Every structure is written in structure tokens, then in C-alpha cells.
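Peer 1: Quick one, upload_26.txt (compact mmCIF, C-alpha atoms):
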```txt
# COMPACT_ATOMS: atom_id res chain seq x y z
CA MET I 147 83.29 159.02 121.09
CA ALA I 148 79.82 160.42 120.68
CA LYS I 149 77.67 158.94 117.95
CA VAL I 150 76.91 161.10 114.93
CA SER I 151 73.50 161.10 113.22
CA PHE I 152 72.85 161.47 109.53
CA SER I 153 69.51 161.69 107.76
CA VAL I 154 67.78 162.37 104.46
CA LYS I 155 64.15 163.30 103.98
CA GLY I 156 61.89 164.10 101.05
CA ASP I 157 58.73 163.62 99.03
CA ASN I 158 58.16 161.67 95.86
CA VAL I 159 57.63 163.62 92.63
CA ASN I 160 56.28 160.65 90.72
CA ALA I 161 56.42 156.84 90.91
CA THR I 162 60.20 156.75 90.43
CA ARG I 163 61.53 160.20 91.32
CA ILE I 164 62.03 161.45 94.85
CA ASP I 165 63.71 164.73 95.79
CA LEU I 166 65.61 164.45 99.05
CA ASN I 167 67.27 166.90 101.36
CA ALA I 168 70.51 165.97 103.07
CA ARG I 169 71.37 169.09 105.07
CA GLN I 170 71.63 171.90 102.47
CA PHE I 171 71.95 169.48 99.54
CA LYS I 172 69.14 168.42 97.23
CA LEU I 173 69.49 164.89 95.92
CA VAL I 174 67.31 163.78 93.01
CA VAL I 175 66.89 160.02 92.79
CA ASP I 176 65.07 158.57 89.79
CA GLU I 177 65.19 155.59 87.42
CA PRO I 178 66.27 155.52 83.77
CA ALA I 179 63.57 155.23 81.11
CA ASN I 180 64.34 151.54 80.50
CA LEU I 181 63.43 150.87 84.15
CA GLY I 182 60.21 152.86 83.87
CA GLY I 183 61.52 156.15 85.21
CA THR I 184 61.70 159.80 84.24
CA ASP I 185 65.54 159.78 84.29
CA ASP I 186 65.98 163.03 86.19
CA GLY I 187 68.76 161.71 88.42
CA ALA I 188 70.97 158.75 89.24
CA ASN I 189 69.05 155.72 90.45
CA PRO I 190 68.96 154.25 93.97
CA VAL I 191 71.64 151.62 93.43
CA GLU I 192 73.92 154.18 91.76
CA TYR I 193 73.58 156.31 94.90
CA LEU I 194 74.62 153.27 96.92
CA LEU I 195 77.72 152.77 94.75
CA ALA I 196 78.51 156.50 94.93
CA GLY I 197 78.38 156.31 98.72
CA LEU I 198 80.95 153.50 98.66
CA ALA I 199 83.21 155.35 96.20
CA GLY I 200 83.04 158.55 98.25
CA CYS I 201 83.72 156.69 101.47
CA LEU I 202 86.79 154.95 100.05
CA ASN I 203 88.12 158.35 98.95
CA VAL I 204 87.73 159.93 102.38
CA VAL I 205 89.04 156.96 104.36
CA GLY I 206 91.78 156.39 101.79
CA HIS I 207 93.13 159.88 102.34
CA THR I 208 92.70 159.72 106.13
CA VAL I 209 94.69 156.48 106.36
CA ALA I 210 97.32 157.69 103.87
CA LYS I 211 97.95 160.78 105.97
CA GLU I 212 98.41 158.65 109.09
CA MET I 213 100.84 156.34 107.27
CA GLY I 214 102.81 159.17 105.69
CA ILE I 215 101.74 158.17 102.16
CA LYS I 216 101.31 160.95 99.63
CA ILE I 217 98.41 160.30 97.23
CA ASN I 218 98.69 162.50 94.14
CA LYS I 219 95.42 161.28 92.67
CA LEU I 220 92.84 158.63 93.56
CA SER I 221 90.47 157.29 90.92
CA VAL I 222 87.65 155.01 91.97
CA GLU I 223 85.45 152.67 89.94
CA VAL I 224 82.60 150.82 91.64
CA SER I 225 80.29 148.43 89.82
CA GLY I 226 77.79 145.72 90.60
CA ASP I 227 75.31 143.34 88.99
CA LEU I 228 71.80 142.59 90.11
CA ASN I 229 68.91 140.56 88.83
CA PRO I 230 65.79 142.77 88.69
CA ALA I 231 63.43 139.76 88.76
CA ARG I 232 62.75 139.95 92.49
CA PHE I 233 62.32 143.73 92.50
CA MET I 234 59.86 143.32 89.61
CA GLY I 235 57.93 140.59 91.40
CA GLN I 236 58.77 137.93 88.82
CA SER I 237 60.85 135.53 90.89
CA ASN I 238 62.25 135.08 94.40
CA ALA I 239 65.02 132.76 93.22
CA GLU I 240 67.73 135.38 93.60
CA ARG I 241 68.33 138.23 96.01
CA ALA I 242 66.93 141.68 95.18
CA GLY I 243 70.15 143.65 95.48
CA PHE I 244 73.66 143.52 94.12
CA GLN I 245 75.07 140.00 94.11
CA ASN I 246 78.56 141.42 94.31
CA ILE I 247 80.18 144.83 94.25
CA GLU I 248 83.58 145.26 92.58
CA THR I 249 85.75 148.24 93.36
CA VAL I 250 88.99 149.23 91.68
CA LEU I 251 91.18 151.96 93.14
CA HIS I 252 93.81 153.59 90.94
CA VAL I 253 96.27 155.24 93.30
CA ASP I 254 98.86 157.66 91.94
CA THR I 255 101.51 157.50 94.68
CA ASP I 256 105.17 156.79 95.32
CA ALA I 257 104.33 154.26 98.06
CA ASP I 258 105.57 150.72 97.39
CA LYS I 259 103.33 147.68 96.91
CA ALA I 260 103.62 146.31 100.44
CA THR I 261 102.77 149.68 101.95
CA LEU I 262 99.78 150.06 99.65
CA LYS I 263 98.55 146.60 100.60
CA GLU I 264 98.66 147.54 104.28
CA TRP I 265 96.90 150.83 103.44
CA LEU I 266 94.14 149.00 101.56
CA GLU I 267 93.46 146.61 104.47
CA LYS I 268 93.04 149.53 106.86
CA VAL I 269 90.82 151.42 104.42
CA GLU I 270 88.51 148.44 103.97
CA ASP I 271 88.24 147.94 107.72
CA ARG I 272 87.54 151.56 108.54
CA CYS I 273 85.19 152.56 105.69
CA PRO I 274 81.64 152.97 107.10
CA VAL I 275 79.84 152.26 103.82
CA ASN I 276 81.95 149.16 103.17
CA ASP I 277 81.05 147.95 106.66
CA ASN I 278 77.32 148.51 106.14
CA LEU I 279 77.38 146.57 102.87
CA SER I 280 79.80 143.78 103.77
CA ASN I 281 78.12 143.04 107.10
CA THR I 282 74.47 142.94 108.11
CA THR I 283 72.94 146.24 109.19
CA PRO I 284 69.65 146.44 111.08
CA VAL I 285 67.20 148.38 108.91
CA SER I 286 63.75 149.18 110.29
CA VAL I 287 61.02 150.40 107.94
CA LYS I 288 57.91 151.75 109.67
CA LEU I 289 54.74 153.50 108.64
CA GLY I 290 54.53 157.02 110.09
CA MET F 516 66.07 137.44 83.76
CA ALA F 517 69.33 138.94 82.59
CA LYS F 518 71.44 140.67 85.18
CA VAL F 519 71.77 144.43 84.97
CA SER F 520 75.03 146.25 85.68
CA PHE F 521 75.41 149.62 87.34
CA SER F 522 78.59 151.58 87.93
CA VAL F 523 80.03 154.89 89.05
CA LYS F 524 83.50 156.20 88.32
CA GLY F 525 85.47 159.33 89.11
CA ASP F 526 88.55 161.11 90.43
CA ASN F 527 89.13 162.79 93.75
CA VAL F 528 89.23 166.59 93.84
CA ASN F 529 90.78 166.76 97.29
CA ALA F 530 91.09 164.54 100.37
CA THR F 531 87.32 164.45 100.94
CA ARG F 532 85.66 165.41 97.64
CA ILE F 533 85.25 163.07 94.71
CA ASP F 534 83.27 163.86 91.55
CA LEU F 535 81.62 160.77 90.14
CA ASN F 536 79.83 159.96 86.93
CA ALA F 537 76.81 157.67 86.96
CA ARG F 538 75.73 157.61 83.31
CA GLN F 539 75.00 161.27 82.42
CA PHE F 540 74.78 162.36 86.05
CA LYS F 541 77.56 164.02 88.02
CA LEU F 542 77.52 163.19 91.72
CA VAL F 543 79.63 165.28 94.08
CA VAL F 544 80.46 163.49 97.34
CA ASP F 545 82.25 165.43 100.08
CA GLU F 546 82.32 165.80 103.86
CA PRO F 547 81.03 168.69 105.97
CA ALA F 548 83.57 171.06 107.50
CA ASN F 549 83.19 169.50 110.97
CA LEU F 550 84.39 166.18 109.49
CA GLY F 551 87.34 167.84 107.78
CA GLY F 552 85.74 168.35 104.38
CA THR F 553 85.09 171.10 101.86
CA ASP F 554 81.30 170.62 102.09
CA ASP F 555 80.61 170.71 98.36
CA GLY F 556 78.13 167.82 98.43
CA ALA F 557 76.32 165.30 100.58
CA ASN F 558 78.65 162.89 102.34
CA PRO F 559 79.13 159.18 101.63
CA VAL F 560 76.73 157.89 104.28
CA GLU F 561 74.07 160.41 103.22
CA TYR F 562 74.38 158.98 99.69
CA LEU F 563 73.81 155.54 101.19
CA LEU F 564 70.66 156.73 102.99
CA ALA F 565 69.46 158.49 99.81
CA GLY F 566 69.83 155.24 97.90
CA LEU F 567 67.61 153.49 100.44
CA ALA F 568 65.01 156.29 100.37
CA GLY F 569 64.94 156.32 96.57
CA CYS F 570 64.67 152.55 96.41
CA LEU F 571 61.74 152.45 98.83
CA ASN F 572 59.97 155.04 96.67
CA VAL F 573 60.39 153.07 93.44
CA VAL F 574 59.55 149.69 94.93
CA GLY F 575 56.74 151.21 96.97
CA HIS F 576 55.03 152.47 93.84
CA THR F 577 55.71 149.28 91.89
CA VAL F 578 54.12 147.11 94.58
CA ALA F 579 51.23 149.55 95.10
CA LYS F 580 50.40 149.38 91.41
CA GLU F 581 50.36 145.57 91.51
CA MET F 582 48.11 145.59 94.57
CA GLY F 583 45.75 148.23 93.19
CA ILE F 584 46.69 150.75 95.89
CA LYS F 585 46.67 154.41 94.92
CA ILE F 586 49.47 156.39 96.59
CA ASN F 587 48.75 160.12 96.46
CA LYS F 588 52.04 161.06 98.09
CA LEU F 589 54.93 159.20 99.66
CA SER F 590 57.27 160.94 102.08
CA VAL F 591 60.39 159.15 103.24
CA GLU F 592 62.71 159.84 106.17
CA VAL F 593 65.84 157.74 106.62
CA SER F 594 68.30 158.23 109.45
CA GLY F 595 71.12 156.41 111.15
CA ASP F 596 73.75 156.75 113.86
CA LEU F 597 77.38 155.81 113.66
CA ASN F 598 80.40 156.12 115.89
CA PRO F 599 83.24 157.77 113.92
CA ALA F 600 85.94 156.38 116.26
CA ARG F 601 86.82 153.43 114.01
CA PHE F 602 86.82 155.49 110.83
CA MET F 603 89.13 157.98 112.58
CA GLY F 604 91.47 155.24 113.78
CA GLN F 605 90.78 155.87 117.46
CA SER F 606 89.12 152.60 118.47
CA ASN F 607 88.00 149.27 117.02
CA ALA F 608 85.44 148.69 119.77
CA GLU F 609 82.46 149.48 117.54
CA ARG F 610 81.69 148.92 113.86
CA ALA F 611 82.65 151.63 111.36
CA GLY F 612 79.23 152.07 109.75
CA PHE F 613 75.68 152.73 110.81
CA GLN F 614 74.69 150.70 113.85
CA ASN F 615 71.08 150.90 112.76
CA ILE F 616 69.08 152.60 110.04
CA GLU F 617 65.56 153.86 110.81
CA THR F 618 63.12 154.54 108.02
CA VAL F 619 59.69 156.13 108.31
CA LEU F 620 57.29 156.13 105.37
CA HIS F 621 54.38 158.55 105.37
CA VAL F 622 51.90 157.20 102.85
CA ASP F 623 48.99 159.34 101.71
CA THR F 624 46.54 156.68 100.51
CA ASP F 625 43.04 155.33 100.98
CA ALA F 626 44.32 151.79 101.56
CA ASP F 627 43.47 150.29 104.97
CA LYS F 628 46.01 149.35 107.62
CA ALA F 629 46.06 145.62 106.88
CA THR F 630 46.62 146.25 103.18
CA LEU F 631 49.42 148.71 103.92
CA LYS F 632 51.08 146.20 106.24
CA GLU F 633 51.09 143.63 103.44
CA TRP F 634 52.40 146.28 101.05
CA LEU F 635 55.23 147.17 103.42
CA GLU F 636 56.36 143.54 103.80
CA LYS F 637 56.58 143.15 100.03
CA VAL F 638 58.41 146.45 99.64
CA GLU F 639 61.01 145.49 102.24
CA ASP F 640 61.58 142.11 100.60
CA ARG F 641 61.92 143.46 97.07
CA CYS F 642 63.96 146.64 97.64
CA PRO F 643 67.50 146.07 96.32
CA VAL F 644 69.16 148.63 98.59
CA ASN F 645 67.39 147.27 101.68
CA ASP F 646 68.62 143.80 100.71
CA ASN F 647 72.24 144.97 100.30
CA LEU F 648 72.19 146.65 103.71
CA SER F 649 70.16 144.11 105.70
CA ASN F 650 72.11 141.14 104.40
CA THR F 651 75.81 140.64 103.72
CA THR F 652 77.02 141.70 100.28
CA PRO F 653 80.38 140.58 98.88
CA VAL F 654 82.45 143.72 98.27
CA SER F 655 85.86 143.39 96.66
CA VAL F 656 88.28 146.31 96.74
CA LYS F 657 91.33 145.95 94.50
CA LEU F 658 94.22 148.10 93.41
CA GLY F 659 94.13 148.80 89.67
```
Turn this file's structure into C-alpha cells for me.

Peer 2:
Amino acid sequence: MAKVSFSVKGDNVNATRIDLNARQFKLVVDEPANLGGTDDGANPVEYLLAGLAGCLNVVGHTVAKEMGIKINKLSVEVSGDLNPARFMGQSNAERAGFQNIETVLHVDTDADKATLKEWLEKVEDRCPVNDNLSNTTPVSVKLG
Amino acid sequence: MAKVSFSVKGDNVNATRIDLNARQFKLVVDEPANLGGTDDGANPVEYLLAGLAGCLNVVGHTVAKEMGIKINKLSVEVSGDLNPARFMGQSNAERAGFQNIETVLHVDTDADKATLKEWLEKVEDRCPVNDNLSNTTPVSVKLG
């Protein structure tokens, strides 16, 4: 299959806010006031969690359709903890990002437990965002 | 330093769209029509890229302030390629997610090249989203 490219691009508005374009969509990323921001949008790590939640929804429905499972409703909660010390330049003792990400899926379905377990394993394996977080991804950052 | 928690939560609207809450912000994640979606919002992997772009902006300005660099404008482009074959259940030959993520920062500043290089190394090290992508992150997905 041919590879598919995705991109976002934009300019900063201030030290914490950046307005990005992803195709026709405008995405405002900012920080809350308690992290020094202007609080005009969700923050970068919330965008990351939203990407995971959205991905699990799409892949969840794709796999369910293949398996003949009817999902009446899917609710997703994604959360994570991080220590801001490294980001703030105070300590390198811990990693900068989330130390763990916990996801809970509430699936309204008639499928039995064993079937749902099989479904979940496939969803985890096939979810692009889960792959990029769970495994290493080469990220290059260059000056243009 | 105390850990900080972040979370998003929401319900699916259809097989591709989910409406999430991140604090007071509503985030609509969908897929474009050519990926079977209703195209009401950026897609999951675009959210992931937006998180990285937003993070580089925040950390970029934080580090610049510490180093006494004045950034007049920061423009960020983030892009990546993925093969949808695994996500679509057609082949396990390649990973599900981005095979690489390329980021270009256009920095309008008076700082010299050597200073900017030092700045960039610090930004990469201290950016939470870059950390979560570049290194493995434990992700648990459970049925609630």
C-alpha cells in the first residue's frame, strides 16, 4: 500500500500559543494560566492524548465491523502523569513526557467478554497513535 | 516536583468521530472522507503532530528566555508518513504509525547559528511530546 502523508503547520501567537492548520482545520494549542499560558486552547500533551483517544475510536470501529461486533456507543478516557521539572529546566532526573498513559474504553455492545478481549488486542496492535507512543519513533527537528 | 495529570474524555459520535473534552475545550477528532470519515475535525495523527508542534513552541520560548534569546516569530511544520495497511488489517509487514516524523522550525531571531544549535538541543531534550514519541511510553488500554 502507498504511504500516506499528514502534516500541520503554523505560526506562534505568543510564547505558549500556536495556531496550526491541518488541512482545512485550525487547531489552537496553548497552555493553561498555571503553566504560564494564555489558555486559548488545549495544551500540547492534551492534543497527544486526544490523538490516542480518536485513534482508538476509529480503529475500534474498524475492527468491530470486521469481527461482526455491533458497538452501540464507545466512551474513551485517556490520562497521564508527567513531572514538569525537566521541561522547566529544574532537573533531568525524570523523563520530560508522560511516564505512563492510562486508557479506559467503555464499550456498549452485546459482544461477550472473550470476543471483546480479542477485539482489544487487535485494536491496540493496529492503532497508529498507540504504536507511535508505545514504540520508539524517529523524530527529526531541524532549523529551516 | 509534583507530578501533573492531564486527561481527555468523550463519547463517539459515529464510527470515526469522537468529541472529547480537555478541561473547558471541546476537541473534535474525525477522519477525512477518503479514510471513511465524516471530516468534521482533524484526524488522530494530525492531533499527534499538533501536540508536537505546540510543545516545541512552548519549550522553544521557555529555553530562549533562559538563554536570553529573543524570538520574534516561530513557525513550525511537522509532517510524517505512515502505511495504512496495518491499521486497515491488510498487512502486518510495517508498523501501524508514523515511520518517521520530520519537523522544521523557522526561527526569526538575532541569535547566531551556534547559539541556536545549543537552543535546539535543549528544546529537543525538554519537550514532553518529543520524549513520548522518540522513546517508548507505557500505554495501558483497559475495558471499563

Peer 1: Set the distance at 8 Å and use only C-alpha atoms: which residues neighbour F:Arg532 once local chain neighbours fewer than 4 positions away are removed? I'd like the list as a list in words.

Peer 2: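 Using only C-alpha atoms, the neighbours found are Gly200, Asn203 and Val204 of chain I; Asn527, Val528, Val543, Val544, Asp545, Glu546, Gly552, Thr553, Asp555 and Gly556 of chain F.
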
Peer 1: Please give chain I as a JSON list (two decimals) with C-alpha atoms, in the frame of the given file, after it has been superposed on chain F by least squares over all Cα atoms paired in order.

Peer 2:
```
[["chain", "number", "residue", "atom", "x", "y", "z"],
["I", 147, "MET", "CA", 66.05, 137.45, 83.73],
["I", 148, "ALA", "CA", 69.31, 138.93, 82.58],
["I", 149, "LYS", "CA", 71.44, 140.66, 85.17],
["I", 150, "VAL", "CA", 71.76, 144.43, 84.97],
["I", 151, "SER", "CA", 75.04, 146.25, 85.69],
["I", 152, "PHE", "CA", 75.42, 149.60, 87.35],
["I", 153, "SER", "CA", 78.60, 151.58, 87.93],
["I", 154, "VAL", "CA", 80.03, 154.90, 89.06],
["I", 155, "LYS", "CA", 83.50, 156.20, 88.32],
["I", 156, "GLY", "CA", 85.47, 159.34, 89.11],
["I", 157, "ASP", "CA", 88.54, 161.12, 90.42],
["I", 158, "ASN", "CA", 89.13, 162.79, 93.74],
["I", 159, "VAL", "CA", 89.24, 166.60, 93.84],
["I", 160, "ASN", "CA", 90.79, 166.75, 97.28],
["I", 161, "ALA", "CA", 91.09, 164.53, 100.37],
["I", 162, "THR", "CA", 87.32, 164.46, 100.94],
["I", 163, "ARG", "CA", 85.67, 165.42, 97.65],
["I", 164, "ILE", "CA", 85.25, 163.08, 94.71],
["I", 165, "ASP", "CA", 83.27, 163.87, 91.56],
["I", 166, "LEU", "CA", 81.62, 160.78, 90.13],
["I", 167, "ASN", "CA", 79.84, 159.98, 86.93],
["I", 168, "ALA", "CA", 76.84, 157.68, 86.97],
["I", 169, "ARG", "CA", 75.75, 157.59, 83.32],
["I", 170, "GLN", "CA", 75.02, 161.24, 82.41],
["I", 171, "PHE", "CA", 74.80, 162.36, 86.05],
["I", 172, "LYS", "CA", 77.56, 164.04, 88.02],
["I", 173, "LEU", "CA", 77.53, 163.20, 91.71],
["I", 174, "VAL", "CA", 79.64, 165.28, 94.09],
["I", 175, "VAL", "CA", 80.47, 163.49, 97.33],
["I", 176, "ASP", "CA", 82.25, 165.42, 100.07],
["I", 177, "GLU", "CA", 82.32, 165.79, 103.86],
["I", 178, "PRO", "CA", 81.04, 168.68, 105.97],
["I", 179, "ALA", "CA", 83.58, 171.05, 107.50],
["I", 180, "ASN", "CA", 83.20, 169.49, 110.97],
["I", 181, "LEU", "CA", 84.40, 166.19, 109.48],
["I", 182, "GLY", "CA", 87.35, 167.85, 107.77],
["I", 183, "GLY", "CA", 85.76, 168.35, 104.37],
["I", 184, "THR", "CA", 85.11, 171.10, 101.86],
["I", 185, "ASP", "CA", 81.31, 170.62, 102.08],
["I", 186, "ASP", "CA", 80.63, 170.72, 98.36],
["I", 187, "GLY", "CA", 78.15, 167.84, 98.42],
["I", 188, "ALA", "CA", 76.35, 165.31, 100.58],
["I", 189, "ASN", "CA", 78.66, 162.89, 102.33],
["I", 190, "PRO", "CA", 79.13, 159.17, 101.64],
["I", 191, "VAL", "CA", 76.74, 157.91, 104.29],
["I", 192, "GLU", "CA", 74.09, 160.42, 103.20],
["I", 193, "TYR", "CA", 74.38, 158.98, 99.69],
["I", 194, "LEU", "CA", 73.81, 155.54, 101.19],
["I", 195, "LEU", "CA", 70.66, 156.74, 102.98],
["I", 196, "ALA", "CA", 69.47, 158.50, 99.82],
["I", 197, "GLY", "CA", 69.85, 155.24, 97.90],
["I", 198, "LEU", "CA", 67.62, 153.50, 100.44],
["I", 199, "ALA", "CA", 65.02, 156.29, 100.37],
["I", 200, "GLY", "CA", 64.95, 156.32, 96.57],
["I", 201, "CYS", "CA", 64.68, 152.55, 96.41],
["I", 202, "LEU", "CA", 61.75, 152.46, 98.83],
["I", 203, "ASN", "CA", 59.98, 155.05, 96.67],
["I", 204, "VAL", "CA", 60.40, 153.08, 93.45],
["I", 205, "VAL", "CA", 59.55, 149.68, 94.93],
["I", 206, "GLY", "CA", 56.74, 151.21, 96.98],
["I", 207, "HIS", "CA", 55.04, 152.48, 93.84],
["I", 208, "THR", "CA", 55.72, 149.27, 91.88],
["I", 209, "VAL", "CA", 54.12, 147.11, 94.59],
["I", 210, "ALA", "CA", 51.23, 149.55, 95.10],
["I", 211, "LYS", "CA", 50.38, 149.38, 91.41],
["I", 212, "GLU", "CA", 50.36, 145.58, 91.51],
["I", 213, "MET", "CA", 48.10, 145.59, 94.59],
["I", 214, "GLY", "CA", 45.73, 148.21, 93.20],
["I", 215, "ILE", "CA", 46.69, 150.74, 95.90],
["I", 216, "LYS", "CA", 46.64, 154.40, 94.93],
["I", 217, "ILE", "CA", 49.45, 156.38, 96.60],
["I", 218, "ASN", "CA", 48.73, 160.11, 96.47],
["I", 219, "LYS", "CA", 52.02, 161.05, 98.09],
["I", 220, "LEU", "CA", 54.93, 159.18, 99.66],
["I", 221, "SER", "CA", 57.27, 160.93, 102.08],
["I", 222, "VAL", "CA", 60.39, 159.15, 103.24],
["I", 223, "GLU", "CA", 62.71, 159.83, 106.16],
["I", 224, "VAL", "CA", 65.85, 157.74, 106.61],
["I", 225, "SER", "CA", 68.30, 158.24, 109.46],
["I", 226, "GLY", "CA", 71.13, 156.41, 111.15],
["I", 227, "ASP", "CA", 73.76, 156.76, 113.86],
["I", 228, "LEU", "CA", 77.39, 155.81, 113.66],
["I", 229, "ASN", "CA", 80.41, 156.12, 115.88],
["I", 230, "PRO", "CA", 83.25, 157.77, 113.92],
["I", 231, "ALA", "CA", 85.93, 156.36, 116.25],
["I", 232, "ARG", "CA", 86.81, 153.42, 114.02],
["I", 233, "PHE", "CA", 86.81, 155.49, 110.83],
["I", 234, "MET", "CA", 89.12, 157.97, 112.59],
["I", 235, "GLY", "CA", 91.45, 155.22, 113.78],
["I", 236, "GLN", "CA", 90.76, 155.85, 117.46],
["I", 237, "SER", "CA", 89.10, 152.60, 118.47],
["I", 238, "ASN", "CA", 87.97, 149.27, 117.02],
["I", 239, "ALA", "CA", 85.42, 148.70, 119.77],
["I", 240, "GLU", "CA", 82.46, 149.48, 117.54],
["I", 241, "ARG", "CA", 81.69, 148.93, 113.88],
["I", 242, "ALA", "CA", 82.64, 151.63, 111.36],
["I", 243, "GLY", "CA", 79.24, 152.08, 109.75],
["I", 244, "PHE", "CA", 75.69, 152.75, 110.81],
["I", 245, "GLN", "CA", 74.69, 150.71, 113.85],
["I", 246, "ASN", "CA", 71.08, 150.91, 112.76],
["I", 247, "ILE", "CA", 69.08, 152.61, 110.05],
["I", 248, "GLU", "CA", 65.56, 153.86, 110.80],
["I", 249, "THR", "CA", 63.12, 154.56, 108.02],
["I", 250, "VAL", "CA", 59.69, 156.13, 108.31],
["I", 251, "LEU", "CA", 57.30, 156.13, 105.36],
["I", 252, "HIS", "CA", 54.38, 158.55, 105.36],
["I", 253, "VAL", "CA", 51.90, 157.19, 102.85],
["I", 254, "ASP", "CA", 48.97, 159.33, 101.72],
["I", 255, "THR", "CA", 46.53, 156.66, 100.52],
["I", 256, "ASP", "CA", 43.02, 155.33, 100.99],
["I", 257, "ALA", "CA", 44.31, 151.77, 101.56],
["I", 258, "ASP", "CA", 43.43, 150.29, 104.96],
["I", 259, "LYS", "CA", 45.97, 149.31, 107.63],
["I", 260, "ALA", "CA", 46.05, 145.59, 106.87],
["I", 261, "THR", "CA", 46.61, 146.24, 103.17],
["I", 262, "LEU", "CA", 49.39, 148.70, 103.93],
["I", 263, "LYS", "CA", 51.06, 146.19, 106.23],
["I", 264, "GLU", "CA", 51.07, 143.60, 103.44],
["I", 265, "TRP", "CA", 52.39, 146.27, 101.04],
["I", 266, "LEU", "CA", 55.22, 147.17, 103.43],
["I", 267, "GLU", "CA", 56.34, 143.53, 103.80],
["I", 268, "LYS", "CA", 56.57, 143.15, 100.03],
["I", 269, "VAL", "CA", 58.41, 146.45, 99.64],
["I", 270, "GLU", "CA", 61.01, 145.49, 102.24],
["I", 271, "ASP", "CA", 61.57, 142.12, 100.59],
["I", 272, "ARG", "CA", 61.90, 143.45, 97.08],
["I", 273, "CYS", "CA", 63.95, 146.64, 97.65],
["I", 274, "PRO", "CA", 67.51, 146.08, 96.32],
["I", 275, "VAL", "CA", 69.17, 148.64, 98.59],
["I", 276, "ASN", "CA", 67.39, 147.28, 101.67],
["I", 277, "ASP", "CA", 68.63, 143.82, 100.72],
["I", 278, "ASN", "CA", 72.23, 144.97, 100.31],
["I", 279, "LEU", "CA", 72.19, 146.66, 103.72],
["I", 280, "SER", "CA", 70.16, 144.13, 105.71],
["I", 281, "ASN", "CA", 72.12, 141.14, 104.41],
["I", 282, "THR", "CA", 75.81, 140.65, 103.72],
["I", 283, "THR", "CA", 77.02, 141.70, 100.28],
["I", 284, "PRO", "CA", 80.38, 140.59, 98.88],
["I", 285, "VAL", "CA", 82.46, 143.73, 98.29],
["I", 286, "SER", "CA", 85.87, 143.39, 96.66],
["I", 287, "VAL", "CA", 88.30, 146.32, 96.75],
["I", 288, "LYS", "CA", 91.34, 145.95, 94.49],
["I", 289, "LEU", "CA", 94.22, 148.10, 93.39],
["I", 290, "GLY", "CA", 94.12, 148.81, 89.65]]
```

Peer 1: Pick out the residues sitting within 7 Å of stretch 617-632 of chain F, and hand them over as a compact mmCIF listing (two decimals) with C-alpha atoms, keeping the file's coordinate frame; count only C-alpha atoms, and ignore anything fewer than 3 positions along from it in its own chain.

Peer 2:
```txt
# COMPACT_ATOMS: atom_id res chain seq x y z
CA VAL I 285 67.20 148.38 108.91
CA SER I 286 63.75 149.18 110.29
CA VAL I 287 61.02 150.40 107.94
CA LYS I 288 57.91 151.75 109.67
CA LEU I 289 54.74 153.50 108.64
CA GLY I 290 54.53 157.02 110.09
CA ILE F 584 46.69 150.75 95.89
CA LYS F 585 46.67 154.41 94.92
CA ILE F 586 49.47 156.39 96.59
CA ASN F 587 48.75 160.12 96.46
CA LYS F 588 52.04 161.06 98.09
CA LEU F 589 54.93 159.20 99.66
CA SER F 590 57.27 160.94 102.08
CA VAL F 591 60.39 159.15 103.24
CA GLU F 592 62.71 159.84 106.17
CA VAL F 593 65.84 157.74 106.62
CA SER F 594 68.30 158.23 109.45
CA GLY F 595 71.12 156.41 111.15
CA LEU F 635 55.23 147.17 103.42
CA GLU F 636 56.36 143.54 103.80
```

Peer 1: Counting all atoms listed in the file, which residue out of I:Thr208, I:Asn180, I:Asn189, I:Ser237 sits closest to F:Thr531?

Peer 2: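 Under the stated criterion, the closest residue is I:Thr208.
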
Peer 1: Looking at F:Met516, F:Leu571, F:Leu550, F:Ala565, which one is nearest to I:Asp165, with distances taken over only C-alpha atoms?

Peer 2: F:Ala565

Peer 1: Please list as a PyMOL selection string every residue within 12 Å of stretch 239-245 of chain I, counting all atoms listed in the file and excluding residues in the same chain fewer than 4 positions away.

Peer 2: (chain I and resi 190-192+194-195+224-235+279-280) or (chain F and resi 516-522+566-567+570+574+637-655)

Peer 1: In Å, how far is it from atom CA of F:Leu542 to atom CA of I:Ala210?

Peer 2: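 Interatomic distance, atom CA of F:Leu542 to atom CA of I:Ala210: 23.9 Å.
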
Peer 1: Please compute the atom CA of I:Asp157-atom CA of F:Val523 distance, one decimal, in Å.

Peer 2: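 According to the coordinates, atom CA of I:Asp157 and atom CA of F:Val523 are separated by 25.1 Å.
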
Peer 1: Expressed in Å to a single decimal, how great is the separation between atom CA of F:Gln605 and atom CA of I:Trp265?

Peer 2: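 For atom CA of F:Gln605 relative to atom CA of I:Trp265, the distance reads 16.1 Å.
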
Peer 1: Could you tell me which of F:Met582, F:Asp554, F:Phe540, F:Ala548 comes closest to chain I if we count all atoms listed in the file?

Peer 2: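 Looking at the shortest contact to chain I, the residue is F:Phe540.
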
Peer 1: At a cut-off of 7 Å around the point (80.8, 158.0, 88.2) (file coordinates), what residues fall inside when counting all atoms listed in the file? I'd like the answer as a PDB file with C-alpha atoms, keeping the file's coordinate frame.

Peer 2:
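Heads up, here's the output in out.pdb:
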```pdb
ATOM      1  CA  SER F 522      78.590 151.580  87.930  1.00  0.00           C
ATOM      2  CA  VAL F 523      80.030 154.890  89.050  1.00  0.00           C
ATOM      3  CA  LYS F 524      83.500 156.200  88.320  1.00  0.00           C
ATOM      4  CA  GLY F 525      85.470 159.330  89.110  1.00  0.00           C
ATOM      5  CA  LEU F 535      81.620 160.770  90.140  1.00  0.00           C
ATOM      6  CA  ASN F 536      79.830 159.960  86.930  1.00  0.00           C
ATOM      7  CA  ALA F 537      76.810 157.670  86.960  1.00  0.00           C
ATOM      8  CA  LYS F 541      77.560 164.020  88.020  1.00  0.00           C
TER       9      LYS F 541
END
```
